[in-house]
Amino acid sequence: MEGFEFRARTAWLECMQAHQEQIAKVTVVSGSIMIRSAAKVLPRVLGVEFEVRKGREEDARQVA
């Protein structure tokens, strides 16, 4: 999902809520500060663990 489209966000939240028991962790990778900020609030709403990253370069630093 790219950007912050209202319909896409609504569909994503509905799907997350429907499958909440099957989801252990969600990783959000986005260069957008708005998307990362919203992703930091979602664990409180959904009760699912979230990891928020700015980009793939964070993966490379953790492996090294």
# chains A, B, ... in the order shown; residues from 1 in each chain; ligands from 1
$ select_by_dssp --residues "chain A" --states "strand (DSSP E or B)" --output "list in words"
Lys25, Val26, Thr27, Val28, Val29, Glu49, Phe50, Glu51, Val52 and Arg53 of chain A
$ write_last_selection --atoms "C-alpha atoms" --output "compact mmCIF listing (two decimals), in the first residue's frame"
# COMPACT_ATOMS: atom_id res chain seq x y z
CA LYS A 25 3.61 -8.89 14.29
CA VAL A 26 3.30 -6.25 11.56
CA THR A 27 6.35 -4.50 10.09
CA VAL A 28 5.73 -1.12 8.48
CA VAL A 29 8.48 0.26 6.21
CA GLU A 49 2.71 -5.73 17.84
CA PHE A 50 4.05 -3.29 15.25
CA GLU A 51 7.62 -2.58 14.16
CA VAL A 52 8.07 0.72 12.33
CA ARG A 53 11.06 1.42 10.09
$ residues_around --residues "Gly31 (chain A)" --least-positions-apart "3" --cutoff "9 Å" --atoms "only C-alpha atoms" --output "PyMOL selection string"
chain A and resi 34-36+53-55
$ select_by_dssp --residues "chain A" --states "alpha helix (DSSP H)" --output "ChimeraX atom specification"
/A:6-18,33-46,57-63
$ residues_around --residues "region 4-12 of chain A" --least-positions-apart "2" --cutoff "12 Å" --atoms "only C-alpha atoms" --output "ChimeraX atom specification"
/A:1-2,14-20,30,32-39,42,46
